[in-house]
Each structure stands twice: as structure tokens, then as C-alpha cells.
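Structure file final.cif (mmCIF, C-alpha atoms) follows.
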```cif
data_run
loop_
_atom_site.group_PDB
_atom_site.id
_atom_site.type_symbol
_atom_site.label_atom_id
_atom_site.label_comp_id
_atom_site.auth_asym_id
_atom_site.auth_seq_id
_atom_site.Cartn_x
_atom_site.Cartn_y
_atom_site.Cartn_z
ATOM 1 C CA MET A 1 26.291 7.847 -14.592
ATOM 2 C CA THR A 2 25.968 4.490 -12.828
ATOM 3 C CA SER A 3 22.380 3.328 -12.493
ATOM 4 C CA LYS A 4 20.909 2.859 -9.063
ATOM 5 C CA ARG A 5 19.463 -0.551 -8.314
ATOM 6 C CA LEU A 6 16.023 -1.617 -7.178
ATOM 7 C CA MET A 7 14.729 -4.758 -5.472
ATOM 8 C CA ILE A 8 11.032 -5.624 -5.723
ATOM 9 C CA ILE A 9 9.407 -8.128 -3.383
ATOM 10 C CA GLY A 10 6.715 -9.818 -5.468
ATOM 11 C CA TYR A 11 6.142 -9.753 -9.208
ATOM 12 C CA GLY A 12 2.397 -9.588 -9.701
ATOM 13 C CA ALA A 13 0.350 -7.024 -11.622
ATOM 14 C CA MET A 14 1.512 -4.031 -9.564
ATOM 15 C CA ALA A 15 5.204 -4.962 -9.714
ATOM 16 C CA ARG A 16 5.012 -5.484 -13.469
ATOM 17 C CA GLU A 17 3.417 -2.060 -13.923
ATOM 18 C CA VAL A 18 6.114 -0.468 -11.752
ATOM 19 C CA HIS A 19 8.794 -2.271 -13.777
ATOM 20 C CA ARG A 20 7.262 -0.981 -17.014
ATOM 21 C CA LEU A 21 7.281 2.623 -15.726
ATOM 22 C CA LEU A 22 10.663 2.658 -13.989
ATOM 23 C CA PRO A 23 12.434 5.978 -14.556
ATOM 24 C CA ALA A 24 15.689 5.954 -16.496
ATOM 25 C CA GLY A 25 18.644 5.593 -14.166
ATOM 26 C CA LEU A 26 16.983 3.052 -11.864
ATOM 27 C CA GLU A 27 17.555 -0.583 -12.756
ATOM 28 C CA LEU A 28 15.465 -3.511 -11.538
ATOM 29 C CA ALA A 29 18.249 -5.786 -10.337
ATOM 30 C CA TRP A 30 16.461 -8.234 -7.997
ATOM 31 C CA VAL A 31 12.997 -9.728 -7.687
ATOM 32 C CA VAL A 32 11.974 -11.795 -4.663
ATOM 33 C CA VAL A 33 9.147 -14.317 -5.076
ATOM 34 C CA PRO A 34 8.095 -17.546 -3.331
ATOM 35 C CA GLU A 35 10.311 -20.528 -4.120
ATOM 36 C CA ALA A 36 7.566 -22.139 -6.208
ATOM 37 C CA GLN A 37 7.514 -19.078 -8.531
ATOM 38 C CA VAL A 38 11.263 -18.617 -8.964
ATOM 39 C CA ALA A 39 11.702 -20.691 -12.138
ATOM 40 C CA ALA A 40 8.725 -19.169 -13.945
ATOM 41 C CA THR A 41 9.712 -15.642 -12.945
ATOM 42 C CA ARG A 42 13.297 -16.189 -14.148
ATOM 43 C CA GLU A 43 11.964 -17.330 -17.494
ATOM 44 C CA LEU A 44 9.722 -14.280 -17.685
ATOM 45 C CA LEU A 45 12.409 -11.744 -16.779
ATOM 46 C CA GLY A 46 15.415 -13.271 -18.537
ATOM 47 C CA ASP A 47 19.042 -12.865 -17.553
ATOM 48 C CA GLY A 48 18.951 -9.166 -16.675
ATOM 49 C CA VAL A 49 17.233 -9.589 -13.298
ATOM 50 C CA GLU A 50 18.279 -11.893 -10.468
ATOM 51 C CA VAL A 51 15.279 -13.802 -9.119
ATOM 52 C CA LEU A 52 15.497 -14.881 -5.457
ATOM 53 C CA SER A 53 13.260 -16.567 -2.922
ATOM 54 C CA SER A 54 14.575 -14.515 0.015
ATOM 55 C CA THR A 55 15.977 -11.016 0.422
ATOM 56 C CA THR A 56 18.840 -12.506 2.457
ATOM 57 C CA GLN A 57 20.177 -14.199 -0.703
ATOM 58 C CA CYS A 58 21.159 -10.753 -2.012
ATOM 59 C CA GLU A 59 24.594 -9.768 -0.701
ATOM 60 C CA ALA A 60 24.642 -6.387 -2.469
ATOM 61 C CA ARG A 61 22.855 -3.249 -1.218
ATOM 62 C CA PRO A 62 19.814 -2.151 -3.228
ATOM 63 C CA ASP A 63 19.232 1.592 -3.292
ATOM 64 C CA LEU A 64 15.554 0.894 -2.649
ATOM 65 C CA VAL A 65 13.492 -2.179 -1.775
ATOM 66 C CA VAL A 66 9.798 -2.085 -2.692
ATOM 67 C CA GLU A 67 7.191 -4.425 -1.237
ATOM 68 C CA CYS A 68 4.621 -5.383 -3.885
ATOM 69 C CA ALA A 69 3.741 -8.770 -2.404
ATOM 70 C CA GLY A 70 0.875 -7.925 -0.051
ATOM 71 C CA GLN A 71 0.688 -8.410 3.688
ATOM 72 C CA PRO A 72 2.271 -11.910 3.756
ATOM 73 C CA GLY A 73 5.272 -10.652 1.772
ATOM 74 C CA LEU A 74 5.829 -7.765 4.153
ATOM 75 C CA ALA A 75 5.565 -10.046 7.182
ATOM 76 C CA GLU A 76 8.030 -12.522 5.686
ATOM 77 C CA HIS A 77 10.724 -10.186 4.407
ATOM 78 C CA GLY A 78 10.320 -6.789 6.073
ATOM 79 C CA GLU A 79 12.440 -7.308 9.171
ATOM 80 C CA ALA A 80 15.387 -8.729 7.230
ATOM 81 C CA VAL A 81 15.404 -5.751 4.856
ATOM 82 C CA LEU A 82 15.187 -3.124 7.591
ATOM 83 C CA SER A 83 17.754 -4.793 9.849
ATOM 84 C CA ARG A 84 20.299 -4.400 7.007
ATOM 85 C CA GLY A 85 19.861 -0.639 7.048
ATOM 86 C CA LEU A 86 17.959 -0.524 3.753
ATOM 87 C CA THR A 87 14.983 1.630 2.768
ATOM 88 C CA LEU A 88 11.778 -0.388 2.405
ATOM 89 C CA ALA A 89 8.834 1.190 0.579
ATOM 90 C CA ILE A 90 5.595 -0.392 1.793
ATOM 91 C CA VAL A 91 2.416 -0.827 -0.240
ATOM 92 C CA ALA A 92 0.613 -3.335 2.025
ATOM 93 C CA THR A 93 0.125 -0.837 4.830
ATOM 94 C CA GLY A 94 -2.865 -2.802 6.137
ATOM 95 C CA ALA A 95 -0.378 -5.236 7.641
ATOM 96 C CA LEU A 96 0.764 -2.460 9.983
ATOM 97 C CA ALA A 97 -2.578 -2.638 11.785
ATOM 98 C CA ASP A 98 -1.047 -5.692 13.443
ATOM 99 C CA GLU A 99 0.650 -4.024 16.398
ATOM 100 C CA GLY A 100 3.041 -6.927 16.853
ATOM 101 C CA LEU A 101 4.260 -6.825 13.267
ATOM 102 C CA TYR A 102 4.486 -3.036 13.264
ATOM 103 C CA GLY A 103 6.552 -3.151 16.444
ATOM 104 C CA ARG A 104 8.933 -5.777 15.038
ATOM 105 C CA LEU A 105 9.439 -3.813 11.823
ATOM 106 C CA ARG A 106 10.048 -0.588 13.704
ATOM 107 C CA GLN A 107 12.548 -2.268 16.031
ATOM 108 C CA ALA A 108 14.348 -3.838 13.067
ATOM 109 C CA ALA A 109 14.601 -0.417 11.431
ATOM 110 C CA GLU A 110 15.932 1.158 14.617
ATOM 111 C CA ARG A 111 18.491 -1.621 15.165
ATOM 112 C CA GLY A 112 19.755 -1.654 11.611
ATOM 113 C CA GLU A 113 19.229 2.060 10.895
ATOM 114 C CA GLY A 114 16.857 1.133 8.101
ATOM 115 C CA ARG A 115 13.906 3.205 6.973
ATOM 116 C CA MET A 116 10.241 2.324 6.453
ATOM 117 C CA LEU A 117 8.667 4.423 3.716
ATOM 118 C CA VAL A 118 4.863 4.181 3.971
ATOM 119 C CA LEU A 119 3.513 4.930 0.509
ATOM 120 C CA SER A 120 0.315 6.908 -0.074
ATOM 121 C CA GLY A 121 -1.026 4.109 -2.266
ATOM 122 C CA ALA A 122 -4.533 4.521 -3.651
ATOM 123 C CA VAL A 123 -5.319 7.875 -1.991
ATOM 124 C CA ALA A 124 -4.120 11.472 -2.027
ATOM 125 C CA GLY A 125 -3.518 14.113 0.604
ATOM 126 C CA MET A 126 -1.425 12.128 3.072
ATOM 127 C CA ASP A 127 1.179 14.887 3.171
ATOM 128 C CA GLY A 128 -1.484 17.402 4.230
ATOM 129 C CA LEU A 129 -2.947 15.001 6.777
ATOM 130 C CA ALA A 130 0.452 14.326 8.345
ATOM 131 C CA ALA A 131 1.177 18.062 8.443
ATOM 132 C CA ALA A 132 -2.204 18.808 10.042
ATOM 133 C CA ARG A 133 -1.478 16.200 12.729
ATOM 134 C CA GLU A 134 1.390 18.346 14.008
ATOM 135 C CA GLY A 135 -1.121 20.960 15.157
ATOM 136 C CA GLY A 136 -3.585 18.474 16.605
ATOM 137 C CA LEU A 137 -6.482 16.611 14.972
ATOM 138 C CA ASP A 138 -10.050 16.317 16.257
ATOM 139 C CA SER A 139 -11.393 13.709 13.840
ATOM 140 C CA VAL A 140 -10.478 11.714 10.730
ATOM 141 C CA THR A 141 -13.145 9.828 8.793
ATOM 142 C CA TYR A 142 -12.570 7.624 5.768
ATOM 143 C CA GLU A 143 -15.304 6.244 3.520
ATOM 144 C CA ALA A 144 -14.812 3.684 0.751
ATOM 145 C CA CYS A 145 -17.595 3.207 -1.770
ATOM 146 C CA LYS A 146 -17.409 0.372 -4.301
ATOM 147 C CA ALA A 147 -19.714 -1.725 -6.434
ATOM 148 C CA PRO A 148 -21.136 -4.779 -4.613
ATOM 149 C CA LYS A 149 -19.057 -7.148 -6.753
ATOM 150 C CA SER A 150 -15.888 -5.498 -5.398
ATOM 151 C CA TRP A 151 -16.859 -6.593 -1.878
ATOM 152 C CA LYS A 152 -17.512 -10.212 -2.869
ATOM 153 C CA GLY A 153 -15.382 -12.709 -0.971
ATOM 154 C CA SER A 154 -15.007 -10.341 1.989
ATOM 155 C CA HIS A 155 -16.618 -10.036 5.421
ATOM 156 C CA ALA A 156 -19.204 -7.775 3.751
ATOM 157 C CA GLU A 157 -21.071 -10.874 2.598
ATOM 158 C CA GLU A 158 -21.816 -11.674 6.239
ATOM 159 C CA LEU A 159 -23.167 -8.178 6.898
ATOM 160 C CA VAL A 160 -25.368 -7.499 3.866
ATOM 161 C CA ASP A 161 -26.886 -9.300 0.863
ATOM 162 C CA LEU A 162 -24.680 -7.796 -1.831
ATOM 163 C CA ASP A 163 -26.748 -9.280 -4.674
ATOM 164 C CA ALA A 164 -29.991 -7.730 -3.393
ATOM 165 C CA LEU A 165 -28.825 -4.112 -3.043
ATOM 166 C CA THR A 166 -30.735 -1.502 -5.044
ATOM 167 C CA GLU A 167 -29.127 1.614 -3.544
ATOM 168 C CA ALA A 168 -25.954 2.731 -1.818
ATOM 169 C CA THR A 169 -25.739 0.944 1.537
ATOM 170 C CA VAL A 170 -23.329 1.489 4.418
ATOM 171 C CA PHE A 171 -22.582 -2.006 5.735
ATOM 172 C CA TYR A 172 -19.741 -1.232 8.147
ATOM 173 C CA GLU A 173 -18.715 1.608 10.432
ATOM 174 C CA GLY A 174 -15.911 1.230 12.946
ATOM 175 C CA THR A 175 -12.235 1.895 13.508
ATOM 176 C CA ALA A 176 -9.430 1.630 10.977
ATOM 177 C CA GLY A 177 -7.784 -1.075 13.071
ATOM 178 C CA GLU A 178 -10.904 -3.246 13.098
ATOM 179 C CA ALA A 179 -11.548 -2.603 9.389
ATOM 180 C CA ALA A 180 -8.017 -3.721 8.565
ATOM 181 C CA ARG A 181 -8.616 -7.008 10.376
ATOM 182 C CA LEU A 182 -12.100 -7.662 8.993
ATOM 183 C CA PHE A 183 -11.396 -6.542 5.411
ATOM 184 C CA PRO A 184 -7.700 -7.353 4.789
ATOM 185 C CA ALA A 185 -8.018 -7.083 0.997
ATOM 186 C CA ASN A 186 -9.335 -3.515 1.397
ATOM 187 C CA ALA A 187 -7.301 -2.488 4.436
ATOM 188 C CA ASN A 188 -4.405 -0.573 2.915
ATOM 189 C CA VAL A 189 -6.100 2.797 2.427
ATOM 190 C CA ALA A 190 -7.678 2.822 5.891
ATOM 191 C CA ALA A 191 -4.360 1.895 7.486
ATOM 192 C CA THR A 192 -2.424 4.524 5.519
ATOM 193 C CA ILE A 193 -4.845 7.249 6.605
ATOM 194 C CA ALA A 194 -4.626 6.064 10.208
ATOM 195 C CA LEU A 195 -0.819 6.054 10.163
ATOM 196 C CA ALA A 196 -0.695 9.563 8.680
ATOM 197 C CA GLY A 197 -3.337 10.858 11.083
ATOM 198 C CA ILE A 198 -4.602 9.899 14.531
ATOM 199 C CA GLY A 199 -4.012 6.170 14.649
ATOM 200 C CA MET A 200 -5.836 2.904 14.054
ATOM 201 C CA GLN A 201 -8.342 3.155 16.904
ATOM 202 C CA ALA A 202 -9.263 6.844 16.566
ATOM 203 C CA THR A 203 -9.807 6.842 12.783
ATOM 204 C CA THR A 204 -13.416 6.217 11.749
ATOM 205 C CA VAL A 205 -14.008 4.019 8.691
ATOM 206 C CA ARG A 206 -17.279 3.737 6.779
ATOM 207 C CA LEU A 207 -17.668 1.145 4.015
ATOM 208 C CA THR A 208 -20.398 1.386 1.378
ATOM 209 C CA ALA A 209 -21.624 -0.879 -1.413
ATOM 210 C CA ASP A 210 -23.340 0.969 -4.269
ATOM 211 C CA PRO A 211 -24.802 -0.914 -7.262
ATOM 212 C CA ALA A 212 -24.503 2.287 -9.323
ATOM 213 C CA ALA A 213 -20.762 2.669 -8.665
ATOM 214 C CA THR A 214 -18.461 2.357 -11.677
ATOM 215 C CA ARG A 215 -15.224 3.301 -9.890
ATOM 216 C CA ASN A 216 -13.812 2.925 -6.395
ATOM 217 C CA THR A 217 -14.455 6.132 -4.457
ATOM 218 C CA HIS A 218 -12.382 7.203 -1.454
ATOM 219 C CA ARG A 219 -13.555 10.096 0.737
ATOM 220 C CA ILE A 220 -11.519 11.578 3.568
ATOM 221 C CA HIS A 221 -12.811 14.181 6.034
ATOM 222 C CA VAL A 222 -10.364 15.736 8.508
ATOM 223 C CA GLN A 223 -10.931 18.335 11.230
ATOM 224 C CA GLY A 224 -8.381 19.847 13.572
ATOM 225 C CA ARG A 225 -6.629 22.934 14.825
ATOM 226 C CA PHE A 226 -5.505 23.674 11.243
ATOM 227 C CA GLY A 227 -9.124 23.853 10.017
ATOM 228 C CA GLU A 228 -10.914 21.268 7.893
ATOM 229 C CA PHE A 229 -10.451 19.474 4.590
ATOM 230 C CA ARG A 230 -12.317 16.957 2.459
ATOM 231 C CA ILE A 231 -10.828 14.850 -0.310
ATOM 232 C CA GLU A 232 -12.682 12.660 -2.797
ATOM 233 C CA LEU A 233 -10.855 10.406 -5.214
ATOM 234 C CA ASN A 234 -12.454 8.196 -7.879
ATOM 235 C CA GLY A 235 -9.792 5.662 -8.764
ATOM 236 C CA ARG A 236 -9.293 3.474 -11.797
ATOM 237 C CA PRO A 237 -7.914 -0.047 -11.387
ATOM 238 C CA LEU A 238 -4.970 -1.520 -13.255
ATOM 239 C CA GLU A 239 -6.125 -3.022 -16.532
ATOM 240 C CA SER A 240 -4.212 -6.201 -15.744
ATOM 241 C CA ASN A 241 -5.784 -6.601 -12.287
ATOM 242 C CA PRO A 242 -9.075 -4.865 -11.382
ATOM 243 C CA LYS A 243 -8.400 -5.406 -7.657
ATOM 244 C CA THR A 244 -5.270 -3.225 -7.792
ATOM 245 C CA SER A 245 -5.407 0.565 -7.897
ATOM 246 C CA MET A 246 -3.572 2.354 -10.687
ATOM 247 C CA LEU A 247 -2.699 5.178 -8.299
ATOM 248 C CA ALA A 248 -1.192 2.713 -5.820
ATOM 249 C CA ALA A 249 1.170 1.463 -8.516
ATOM 250 C CA LEU A 250 2.023 5.030 -9.471
ATOM 251 C CA SER A 251 2.844 5.849 -5.847
ATOM 252 C CA VAL A 252 5.547 3.167 -6.078
ATOM 253 C CA VAL A 253 6.885 4.683 -9.291
ATOM 254 C CA ARG A 254 7.055 8.067 -7.548
ATOM 255 C CA ALA A 255 9.086 6.522 -4.712
ATOM 256 C CA CYS A 256 11.438 5.058 -7.304
ATOM 257 C CA ARG A 257 11.875 8.443 -8.971
ATOM 258 C CA GLN A 258 12.678 10.068 -5.620
ATOM 259 C CA VAL A 259 15.697 7.759 -5.307
ATOM 260 C CA LEU A 260 17.150 9.580 -8.320
ATOM 261 C CA ASP A 261 15.928 13.138 -7.821
ATOM 262 C CA PRO A 262 17.800 15.482 -5.440
ATOM 263 C CA VAL A 263 14.569 17.476 -4.995
ATOM 264 C CA THR A 264 11.655 15.832 -3.137
ATOM 265 C CA VAL A 265 8.157 17.285 -3.612
#
```

Structure rendered as C-alpha cells:
Amino acid sequence: MTSKRLMIIGYGAMAREVHRLLPAGLELAWVVVPEAQVAATRELLGDGVEVLSSTTQCEARPDLVVECAGQPGLAEHGEAVLSRGLTLAIVATGALADEGLYGRLRQAAERGEGRMLVLSGAVAGMDGLAAAREGGLDSVTYEACKAPKSWKGSHAEELVDLDALTEATVFYEGTAGEAARLFPANANVAATIALAGIGMQATTVRLTADPAATRNTHRIHVQGRFGEFRIELNGRPLESNPKTSMLAALSVVRACRQVLDPVTV
């Protein structure tokens, strides 16, 4: 059987983990990285993978394109991929809080008959949330709880003294859209929940720093006509990059497997 072919935008820690776990029958054929990284990435990958600086340099049709390059990578390459009628799996969902970018990507997909596949990333239960939305939702609340060091370098430093905390402290409560703008490095989960549920402005986000935390905790509380559910997930990071969720990488691997499997669960 002829292998199907994958393009990955970006080749950082997440992309390398996805490459390592690719299911048999799906071949990594193209990697897209910034021009300054092309030579080093070619040396790393060898002759079996074509390394490009733009998706438009690929004249063939990948069976799946995966974005593993963060919000700038999606903004740079997303429209070109979708306008060619390709399927683009998106990890950096926080970028979709930008209404202008989201609109351009959606229009490109409609024009080219492409498909945006919003991955569940670092959380679970998005299928249930999206199903519950069909009956009407009253409220969706998302809380992220991490160790203070995980919030270093973010807007949190302007809201609370992270080094002085002695107990769990909520330092932000607002909408998913605002959280995505203020905390771009931590925006993907909030944006994914908002897209699956009641939108960026109606989804409540609560961010907590806890000096006792040893893992990143995600809590989702949903109420609606269907009833009510709560989900709590305590995620482990990738060993090669503590800022990247292992489950987020595995959600990409699942999308890759679905390209091959005639049954989708």
C-alpha cells in the first residue's frame, strides 16, 4: 500500500515528538521552517524529508498539513494551505482569538474547499462540549492552575508577585478572548474550549498560580440544556520542552492516525 504523506509546519519539540510517533503508513515528506533554519533542519532530517521555507514551494498535495509552529506559523502559512484545498490541523488555536485572522483562514478554506481541523490539544472532552452546544449552553468556565515559575515572562508578573506566593492565588478572571491576548503562550487551551463551546467572549477563564503545583491542571465546568459536566486534567509536559504539553503532541498524532483509519472515534 502506498504511504500517505504529511507536511509539518515547524520542527521544534512538538513536531519532533509527532515525527517519532508517526503511525506506519504515514510518511513525513515535507517540513516547513523559517529560511534561517532550513540548512540546519535539512542536516538534521537527512535526504528523506524535503525542507522548505514556504508551503507554496511544495507542488504536490500532502494528505495532511499539521501546524506545529505556534501562532506566527499559523498566521504566515495557514491561508496558503487552506486556499489549496488541503486539510490543516491546528495546534496554535490561541491565534484564532484574533477575529481578523480567523476570518481570513475561514474564507481561504471556503474559497479553496480546504478544511481547518482544530485539535483538542492539551485538554479532553471537546467532543462532549461541542455536542452539548447543539442543545444550548448556559455557561462554560475554564481554570488553569500552574506553578508560579510557569507564569514567569507572562502578563501574570504585572498582576501578582509570583515569587512571594505562599498559597494558590487566582490572578486573572475574564473572557477567553482577552486571556488569549494577554497570555499568548497559554492561550491555546482557552481558545480551543471557546471554539468548541460558546465563543471567545462568553467563555469565562480563571488563571491560578499555586506554589504547591507539580503539574499543569486544567479544569472545565459546563452547564446547559444537556445537564452539567466537570473535567479535570493534570498534564505532563514533554521531556524535551517543559512548556509543551505531552497531550497536545499526542492530539497531533491522533489526527495523523485518522488520515489512515477508515473509522473515526

List every residue of stretch 96-210 of chain A that has an atom at most 10 Å from any atom of stretch 72-78 of chain A, and for each one report the closest atom pair and its distance in Å to one decimal, counting all atoms listed in the file, with rows sorted by chain and then by increasing residue number, as a Markdown table.
```
| residue | atom | partner | partner_atom | distance |
| --- | --- | --- | --- | --- |
| A:Leu96 | CA | A:Leu74 | CA | 9.4 |
| A:Leu101 | CA | A:Ala75 | CA | 7.0 |
| A:Tyr102 | CA | A:Ala75 | CA | 9.3 |
| A:Arg104 | CA | A:Gly78 | CA | 9.1 |
| A:Leu105 | CA | A:Gly78 | CA | 6.5 |
| A:Arg106 | CA | A:Gly78 | CA | 9.8 |
| A:Ala108 | CA | A:Gly78 | CA | 8.6 |
| A:Ala109 | CA | A:Gly78 | CA | 9.4 |
| A:Met116 | CA | A:Gly78 | CA | 9.1 |
```

Which residues, named as in the file, does the PyMOL selection byres ((chain A and resi 213) around 12) pick out? Answer as a PyMOL selection string. chain A and resi 144-150+165-169+208-212+214-218+234-236

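Using only C-alpha atoms, the shortest contact distance between A:Ser154 and any of A:Leu26, A:Ala97, A:Val33, A:Ala179 is found at A:Ala179.
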
Exercise: stretch 8-13 of chain A partners within 6 Å, only C-alpha atoms, chain neighbours under 5 positions left out, as a ChimeraX atom specification: /A:31-33,65-69

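With distances taken over all atoms listed in the file, A:Thr192 is the one residue among A:Met200, A:Glu27, A:Thr192, A:Lys4 lying closest to A:Gly125.
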
Given the PyMOL selection byres ((chain A and resi 35) around 10), the residues it picks as a compact mmCIF listing (two decimals) with C-alpha atoms, in the coordinates of the input:
```txt
# COMPACT_ATOMS: atom_id res chain seq x y z
CA VAL A 32 11.97 -11.80 -4.66
CA VAL A 33 9.15 -14.32 -5.08
CA PRO A 34 8.10 -17.55 -3.33
CA ALA A 36 7.57 -22.14 -6.21
CA GLN A 37 7.51 -19.08 -8.53
CA VAL A 38 11.26 -18.62 -8.96
CA ALA A 39 11.70 -20.69 -12.14
CA VAL A 51 15.28 -13.80 -9.12
CA LEU A 52 15.50 -14.88 -5.46
CA SER A 53 13.26 -16.57 -2.92
CA SER A 54 14.58 -14.52 0.02
```

When distances are computed from all atoms listed in the file, which of A:Asn241, A:Asn188, A:Thr204, A:Gln107 shows the smallest separation from A:Thr175?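 Looking only at the distances to A:Thr175, the closest residue turns out to be A:Thr204.
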
How would stretch 18-40 of chain A look written as a PDB file, in the first residue's frame with N, CA, C and O atoms?
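Output file part_21.pdb follows:
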```pdb
ATOM      1  N   VAL A  18       5.968  14.262  17.412  1.00  0.00           N
ATOM      2  CA  VAL A  18       4.991  13.742  16.449  1.00  0.00           C
ATOM      3  C   VAL A  18       5.699  12.876  15.414  1.00  0.00           C
ATOM      4  O   VAL A  18       5.228  11.772  15.080  1.00  0.00           O
ATOM      5  N   HIS A  19       6.815  13.333  14.903  1.00  0.00           N
ATOM      6  CA  HIS A  19       7.587  12.569  13.916  1.00  0.00           C
ATOM      7  C   HIS A  19       7.983  11.212  14.487  1.00  0.00           C
ATOM      8  O   HIS A  19       7.876  10.179  13.818  1.00  0.00           O
ATOM      9  N   ARG A  20       8.425  11.214  15.738  1.00  0.00           N
ATOM     10  CA  ARG A  20       8.858   9.959  16.378  1.00  0.00           C
ATOM     11  C   ARG A  20       7.707   8.963  16.500  1.00  0.00           C
ATOM     12  O   ARG A  20       7.910   7.740  16.392  1.00  0.00           O
ATOM     13  N   LEU A  21       6.481   9.480  16.696  1.00  0.00           N
ATOM     14  CA  LEU A  21       5.324   8.609  16.955  1.00  0.00           C
ATOM     15  C   LEU A  21       4.415   8.421  15.745  1.00  0.00           C
ATOM     16  O   LEU A  21       3.334   7.861  15.885  1.00  0.00           O
ATOM     17  N   LEU A  22       4.859   8.854  14.573  1.00  0.00           N
ATOM     18  CA  LEU A  22       4.009   8.727  13.389  1.00  0.00           C
ATOM     19  C   LEU A  22       3.594   7.273  13.167  1.00  0.00           C
ATOM     20  O   LEU A  22       4.434   6.369  13.195  1.00  0.00           O
ATOM     21  N   PRO A  23       2.312   7.044  12.913  1.00  0.00           N
ATOM     22  CA  PRO A  23       1.866   5.673  12.643  1.00  0.00           C
ATOM     23  C   PRO A  23       2.405   5.174  11.306  1.00  0.00           C
ATOM     24  O   PRO A  23       2.624   5.957  10.375  1.00  0.00           O
ATOM     25  N   ALA A  24       2.617   3.869  11.227  1.00  0.00           N
ATOM     26  CA  ALA A  24       3.066   3.260   9.978  1.00  0.00           C
ATOM     27  C   ALA A  24       2.044   3.533   8.885  1.00  0.00           C
ATOM     28  O   ALA A  24       0.836   3.449   9.105  1.00  0.00           O
ATOM     29  N   GLY A  25       2.546   3.880   7.706  1.00  0.00           N
ATOM     30  CA  GLY A  25       1.663   4.185   6.593  1.00  0.00           C
ATOM     31  C   GLY A  25       1.531   5.669   6.332  1.00  0.00           C
ATOM     32  O   GLY A  25       0.953   6.070   5.313  1.00  0.00           O
ATOM     33  N   LEU A  26       2.056   6.496   7.252  1.00  0.00           N
ATOM     34  CA  LEU A  26       2.062   7.945   7.049  1.00  0.00           C
ATOM     35  C   LEU A  26       3.508   8.421   7.076  1.00  0.00           C
ATOM     36  O   LEU A  26       4.205   8.265   8.075  1.00  0.00           O
ATOM     37  N   GLU A  27       3.944   8.996   5.991  1.00  0.00           N
ATOM     38  CA  GLU A  27       5.332   9.405   5.819  1.00  0.00           C
ATOM     39  C   GLU A  27       5.473  10.915   5.959  1.00  0.00           C
ATOM     40  O   GLU A  27       4.707  11.678   5.360  1.00  0.00           O
ATOM     41  N   LEU A  28       6.449  11.355   6.768  1.00  0.00           N
ATOM     42  CA  LEU A  28       6.761  12.779   6.822  1.00  0.00           C
ATOM     43  C   LEU A  28       7.551  13.128   5.572  1.00  0.00           C
ATOM     44  O   LEU A  28       8.707  12.753   5.421  1.00  0.00           O
ATOM     45  N   ALA A  29       6.917  13.856   4.663  1.00  0.00           N
ATOM     46  CA  ALA A  29       7.538  14.156   3.377  1.00  0.00           C
ATOM     47  C   ALA A  29       8.072  15.574   3.295  1.00  0.00           C
ATOM     48  O   ALA A  29       9.029  15.834   2.556  1.00  0.00           O
ATOM     49  N   TRP A  30       7.439  16.526   4.042  1.00  0.00           N
ATOM     50  CA  TRP A  30       7.847  17.927   3.967  1.00  0.00           C
ATOM     51  C   TRP A  30       7.836  18.551   5.356  1.00  0.00           C
ATOM     52  O   TRP A  30       6.933  18.293   6.169  1.00  0.00           O
ATOM     53  N   VAL A  31       8.825  19.384   5.604  1.00  0.00           N
ATOM     54  CA  VAL A  31       8.873  20.202   6.814  1.00  0.00           C
ATOM     55  C   VAL A  31       9.085  21.640   6.383  1.00  0.00           C
ATOM     56  O   VAL A  31       9.930  21.924   5.521  1.00  0.00           O
ATOM     57  N   VAL A  32       8.311  22.556   6.956  1.00  0.00           N
ATOM     58  CA  VAL A  32       8.412  23.973   6.625  1.00  0.00           C
ATOM     59  C   VAL A  32       8.928  24.727   7.851  1.00  0.00           C
ATOM     60  O   VAL A  32       8.314  24.661   8.925  1.00  0.00           O
ATOM     61  N   VAL A  33      10.051  25.402   7.691  1.00  0.00           N
ATOM     62  CA  VAL A  33      10.661  26.173   8.777  1.00  0.00           C
ATOM     63  C   VAL A  33      11.105  27.529   8.233  1.00  0.00           C
ATOM     64  O   VAL A  33      11.199  27.716   7.020  1.00  0.00           O
ATOM     65  N   PRO A  34      11.394  28.489   9.099  1.00  0.00           N
ATOM     66  CA  PRO A  34      11.921  29.773   8.610  1.00  0.00           C
ATOM     67  C   PRO A  34      13.202  29.580   7.805  1.00  0.00           C
ATOM     68  O   PRO A  34      13.968  28.645   8.051  1.00  0.00           O
ATOM     69  N   GLU A  35      13.422  30.477   6.860  1.00  0.00           N
ATOM     70  CA  GLU A  35      14.578  30.366   5.962  1.00  0.00           C
ATOM     71  C   GLU A  35      15.882  30.175   6.735  1.00  0.00           C
ATOM     72  O   GLU A  35      16.746  29.382   6.327  1.00  0.00           O
ATOM     73  N   ALA A  36      16.035  30.862   7.849  1.00  0.00           N
ATOM     74  CA  ALA A  36      17.272  30.780   8.619  1.00  0.00           C
ATOM     75  C   ALA A  36      17.503  29.396   9.226  1.00  0.00           C
ATOM     76  O   ALA A  36      18.636  29.069   9.609  1.00  0.00           O
ATOM     77  N   GLN A  37      16.437  28.563   9.310  1.00  0.00           N
ATOM     78  CA  GLN A  37      16.565  27.232   9.913  1.00  0.00           C
ATOM     79  C   GLN A  37      16.608  26.115   8.882  1.00  0.00           C
ATOM     80  O   GLN A  37      16.755  24.945   9.241  1.00  0.00           O
ATOM     81  N   VAL A  38      16.476  26.456   7.611  1.00  0.00           N
ATOM     82  CA  VAL A  38      16.377  25.425   6.574  1.00  0.00           C
ATOM     83  C   VAL A  38      17.615  24.534   6.534  1.00  0.00           C
ATOM     84  O   VAL A  38      17.518  23.298   6.546  1.00  0.00           O
ATOM     85  N   ALA A  39      18.796  25.121   6.481  1.00  0.00           N
ATOM     86  CA  ALA A  39      20.027  24.331   6.343  1.00  0.00           C
ATOM     87  C   ALA A  39      20.211  23.390   7.520  1.00  0.00           C
ATOM     88  O   ALA A  39      20.519  22.194   7.340  1.00  0.00           O
ATOM     89  N   ALA A  40      20.034  23.895   8.732  1.00  0.00           N
ATOM     90  CA  ALA A  40      20.220  23.057   9.919  1.00  0.00           C
ATOM     91  C   ALA A  40      19.180  21.950   9.988  1.00  0.00           C
ATOM     92  O   ALA A  40      19.487  20.814  10.385  1.00  0.00           O
TER      93      ALA A  40
END
```
